[in-house]
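Visitor: First the structure, then my questions, so here it is.
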Amino acid sequence: MERPLVRILLVGALLALLASFASLFYVQGQNFAEAAKQTSAASAAYAVAGAVASAAADAKVKGMPVNSTVIFSQPISVTAGVKTITVSPGGTGRAVSSTITLQAPVNIATASITALALNITAYPNGTVYITKG
Amino acid sequence: MDQAVEAVLVMSAFTVALTVVYFGSASLYASSISAQLAPALDSAASIVASTVVMQNGNSSSSWSSWAPSADPSAYGLPQGTAVYINATCFTIGDNKQLMVAWSKATATAVAGSAGSAHRFIVLDDGTALKLEVRVR
């Protein structure tokens, strides 16, 4: 085979290989962006649920109301009721949310808030109020 | 050098380089996600510790009859989450020394990097309880 023809074939094959890798990188990037959004939502949901459970446990042991504040690096939307907390990080374009259902004997007052900081007030009987910080 | 060999070598080098970059970036992504999840694991451990504390309060009789469970669904955590709970109750003996009254733990310890939470509670009979939770 003539050398120029081999070069053309080689460049063509390299370009095809490059295109397939570019496609792989694109898919990987999309998957990572989606995973990052989900992780961010889950992380925020666990932070809120952890703070709620911790405040409720402290209130029960101390026998008096307990206040705590949770601050986030970006605004979050929280929807809470009875034992369920749903958190959606705001300002991320497509809405991604994460829900956690506590098994602890708590009764979270119904709330729907979008804020950068949350105030959590827990009472010894297990009642928890989530308000805008 | 033979043209065919030259072509194979160039293609191989190109493929290897792109494969290395692909898997390198994948591992960077994975470590980035893991770093984001680390605080969530601490919060999950806090949820477990708080659930146990709320169920037993500061009642010594409740803690005495309590059996630790490593089942993540008992705390609202996803299946597959490894949970380790270790509770130790301390009392002060006649010689004014701290003694272990009892200790309870789940069967399997969670080794390596994990989220953790600790609680220290004074119970109604004057004993003190240290609760350690690890989640991964």
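Residues are referred to by chain and number: the chain letter is A, B, ... according to the order shown in the structure tokens, the number counts from 1 in that chain, and ligands are numbered separately from 1 in the order shown.
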Got a sec to pull out which chain B residues are within 6 Å of chain A, counting only C-alpha atoms, and send them as a PyMOL selection string?

Guide: chain B and resi 40+43+46-47+50-51+53-54+57-58+75-76

Visitor: Go ahead and save the picked residues with N, CA and C atoms, as a PDB file, in the first residue's frame.

Guide:
ATOM      1  N   ALA B  40     -22.756  13.948  54.785  1.00  0.00           N
ATOM      2  CA  ALA B  40     -24.057  13.262  54.834  1.00  0.00           C
ATOM      3  C   ALA B  40     -23.965  12.017  55.704  1.00  0.00           C
ATOM      4  N   SER B  43     -24.255  13.050  59.234  1.00  0.00           N
ATOM      5  CA  SER B  43     -25.659  13.351  59.533  1.00  0.00           C
ATOM      6  C   SER B  43     -26.465  12.067  59.695  1.00  0.00           C
ATOM      7  N   SER B  46     -25.811  10.711  62.988  1.00  0.00           N
ATOM      8  CA  SER B  46     -26.527  11.518  63.975  1.00  0.00           C
ATOM      9  C   SER B  46     -28.000  11.120  64.029  1.00  0.00           C
ATOM     10  N   ILE B  47     -28.584  10.810  62.860  1.00  0.00           N
ATOM     11  CA  ILE B  47     -29.985  10.368  62.814  1.00  0.00           C
ATOM     12  C   ILE B  47     -30.144   9.060  63.598  1.00  0.00           C
ATOM     13  N   SER B  50     -29.680   9.751  67.373  1.00  0.00           N
ATOM     14  CA  SER B  50     -30.830  10.491  67.905  1.00  0.00           C
ATOM     15  C   SER B  50     -32.070   9.613  67.985  1.00  0.00           C
ATOM     16  N   THR B  51     -32.247   8.741  66.980  1.00  0.00           N
ATOM     17  CA  THR B  51     -33.402   7.825  67.005  1.00  0.00           C
ATOM     18  C   THR B  51     -33.328   6.920  68.228  1.00  0.00           C
ATOM     19  N   VAL B  53     -31.649   7.450  71.011  1.00  0.00           N
ATOM     20  CA  VAL B  53     -31.805   8.264  72.227  1.00  0.00           C
ATOM     21  C   VAL B  53     -33.273   8.613  72.445  1.00  0.00           C
ATOM     22  N   MET B  54     -33.987   8.967  71.356  1.00  0.00           N
ATOM     23  CA  MET B  54     -35.407   9.312  71.514  1.00  0.00           C
ATOM     24  C   MET B  54     -36.231   8.107  71.940  1.00  0.00           C
ATOM     25  N   GLY B  57     -34.818   7.569  75.740  1.00  0.00           N
ATOM     26  CA  GLY B  57     -34.773   8.715  76.647  1.00  0.00           C
ATOM     27  C   GLY B  57     -33.633   8.593  77.649  1.00  0.00           C
ATOM     28  N   ASN B  58     -33.899   8.988  78.902  1.00  0.00           N
ATOM     29  CA  ASN B  58     -32.868   8.810  79.926  1.00  0.00           C
ATOM     30  C   ASN B  58     -33.307   7.777  80.975  1.00  0.00           C
ATOM     31  N   TYR B  75     -33.898   2.973  60.992  1.00  0.00           N
ATOM     32  CA  TYR B  75     -33.551   4.384  61.217  1.00  0.00           C
ATOM     33  C   TYR B  75     -33.888   5.251  60.003  1.00  0.00           C
ATOM     34  N   GLY B  76     -34.526   4.645  59.003  1.00  0.00           N
ATOM     35  CA  GLY B  76     -34.894   5.392  57.801  1.00  0.00           C
ATOM     36  C   GLY B  76     -33.739   5.576  56.828  1.00  0.00           C
TER      37      GLY B  76
END

Visitor: Can you tell me which residues surround B:Phe90 at a distance of at most 6 Å, considering only C-alpha atoms, apart from same-chain residues fewer than 3 positions away, and format the answer as a short mmCIF file (atom, residue, chain, number, x, y, z; two decimals) with N, CA and C atoms, in the first residue's frame?

Guide:
data_model
loop_
_atom_site.label_atom_id
_atom_site.label_comp_id
_atom_site.auth_asym_id
_atom_site.auth_seq_id
_atom_site.Cartn_x
_atom_site.Cartn_y
_atom_site.Cartn_z
N MET B 99 -16.68 2.54 86.64
CA MET B 99 -16.78 1.13 86.25
C MET B 99 -17.79 0.98 85.11
N VAL B 100 -17.58 -0.02 84.28
CA VAL B 100 -18.54 -0.29 83.20
C VAL B 100 -19.67 -1.16 83.76
N ALA B 101 -20.89 -0.63 83.76
CA ALA B 101 -22.05 -1.38 84.26
C ALA B 101 -22.48 -2.43 83.23
N THR B 127 -26.41 6.69 86.52
CA THR B 127 -25.35 6.15 85.67
C THR B 127 -25.23 7.03 84.42
N ALA B 128 -24.15 6.83 83.69
CA ALA B 128 -23.92 7.63 82.48
C ALA B 128 -23.76 6.71 81.29
#

Visitor: Go through A:Leu15, A:Val82, A:Ala122, A:Met64 one by one, measure the shortest atom-to-atom distance of each to A:Thr110 using only C-alpha atoms, and give the residue with the smallest value.

Guide: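 That would be A:Val82, the residue with the smallest distance to A:Thr110.
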
Visitor: Near B:Ser64, counting only C-alpha atoms, which residues have an atom at most 12 Å away, once you skip same-chain residues fewer than 3 positions from it, shown as a list in words?

Guide: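 Near neighbours after the sequence-gap exclusion: Asn56, Gly57, Asn58, Ser59, Ser60, Ser61, Ala67, Pro68, Ala87, Thr88, Cys89, Ala101, Trp102, Ser103, Lys104, Leu123, Asp125, Thr127 and Leu129 of chain B.
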
Visitor: Quick one: DSSP alpha helix (DSSP H) residues in chain B, as a VMD selection string?

Guide: chain B and resid 3 to 56 60 to 65

Visitor: What does the distance from atom CA of A:Ile8 to atom CA of B:Thr15 come to in Å, to one decimal?

Guide: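 Those two atoms sit 17.8 Å apart.
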
Visitor: In Å, rounded to a single decimal, give me how far atom CA of A:Ile71 is from atom CA of B:Ser32.

Guide: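 Computing the Euclidean distance for atom CA of B:Ser32 and atom CA of A:Ile71 yields 21.6 Å.
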
Visitor: Quick one, how far is atom CA of B:Thr19 from atom CA of B:Gln3?

Guide: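 Result for atom CA of B:Thr19 versus atom CA of B:Gln3: 24.2 Å, one decimal.
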
Visitor: Could you tell me, as a VMD selection string, which residues of stretch 26-121 of chain B DSSP assigns to strand (DSSP E) when given the backbone?

Guide: chain B and resid 83 to 92 98 to 105 115 to 121

Visitor: Go ahead and dump the residues you just picked, N, CA and C atoms, as a CSV table (one decimal), in the first residue's frame.

Guide:
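The file below, selection.csv, is the result:
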chain,number,residue,atom,x,y,z
B,83,VAL,N,-24.4,-0.1,59.6
B,83,VAL,CA,-24.6,0.7,60.8
B,83,VAL,C,-23.9,-0.1,62.0
B,84,TYR,N,-23.2,0.6,62.7
B,84,TYR,CA,-22.5,0.0,63.9
B,84,TYR,C,-22.9,0.9,65.1
B,85,ILE,N,-23.4,0.3,66.2
B,85,ILE,CA,-23.8,1.0,67.4
B,85,ILE,C,-23.1,0.3,68.6
B,86,ASN,N,-22.5,1.2,69.4
B,86,ASN,CA,-21.8,0.7,70.6
B,86,ASN,C,-22.2,1.6,71.8
B,87,ALA,N,-22.9,1.0,72.7
B,87,ALA,CA,-23.4,1.7,73.9
B,87,ALA,C,-22.7,1.2,75.2
B,88,THR,N,-22.2,2.1,76.0
B,88,THR,CA,-21.5,1.6,77.2
B,88,THR,C,-22.1,2.5,78.4
B,89,CYS,N,-22.5,1.7,79.4
B,89,CYS,CA,-23.0,2.4,80.6
B,89,CYS,C,-22.0,2.4,81.7
B,90,PHE,N,-21.7,3.6,82.2
B,90,PHE,CA,-20.7,3.7,83.3
B,90,PHE,C,-21.4,4.0,84.6
B,91,THR,N,-20.8,3.5,85.7
B,91,THR,CA,-21.3,3.8,87.0
B,91,THR,C,-20.1,4.1,87.9
B,92,ILE,N,-20.3,4.7,89.1
B,92,ILE,CA,-19.2,4.9,90.0
B,92,ILE,C,-19.2,3.9,91.1
B,98,LEU,N,-14.5,4.8,88.2
B,98,LEU,CA,-15.5,4.6,87.1
B,98,LEU,C,-15.5,3.1,86.7
B,99,MET,N,-16.7,2.5,86.6
B,99,MET,CA,-16.8,1.1,86.2
B,99,MET,C,-17.8,1.0,85.1
B,100,VAL,N,-17.6,0.0,84.3
B,100,VAL,CA,-18.5,-0.3,83.2
B,100,VAL,C,-19.7,-1.2,83.8
B,101,ALA,N,-20.9,-0.6,83.8
B,101,ALA,CA,-22.0,-1.4,84.3
B,101,ALA,C,-22.5,-2.4,83.2
B,102,TRP,N,-22.6,-2.0,82.0
B,102,TRP,CA,-22.9,-2.9,80.9
B,102,TRP,C,-22.4,-2.3,79.6
B,103,SER,N,-22.3,-3.1,78.6
B,103,SER,CA,-21.9,-2.6,77.2
B,103,SER,C,-22.7,-3.4,76.2
B,104,LYS,N,-23.2,-2.8,75.2
B,104,LYS,CA,-23.9,-3.5,74.1
B,104,LYS,C,-23.4,-2.9,72.8
B,105,ALA,N,-23.3,-3.8,71.8
B,105,ALA,CA,-22.9,-3.4,70.5
B,105,ALA,C,-23.5,-4.3,69.4
B,115,GLY,N,-19.1,7.8,58.6
B,115,GLY,CA,-19.7,8.9,59.4
B,115,GLY,C,-19.8,8.4,60.8
B,116,SER,N,-19.7,9.4,61.7
B,116,SER,CA,-19.8,9.0,63.1
B,116,SER,C,-20.5,10.0,64.0
B,117,ALA,N,-21.1,9.6,65.0
B,117,ALA,CA,-21.8,10.4,66.0
B,117,ALA,C,-21.7,9.9,67.4
B,118,HIS,N,-21.6,10.8,68.3
B,118,HIS,CA,-21.5,10.3,69.7
B,118,HIS,C,-22.5,11.1,70.6
B,119,ARG,N,-23.0,10.4,71.6
B,119,ARG,CA,-23.9,11.0,72.6
B,119,ARG,C,-23.5,10.6,74.0
B,120,PHE,N,-23.6,11.5,74.9
B,120,PHE,CA,-23.3,11.1,76.3
B,120,PHE,C,-24.4,11.6,77.2
B,121,ILE,N,-25.1,10.7,77.8
B,121,ILE,CA,-26.3,11.0,78.5
B,121,ILE,C,-26.2,10.5,80.0
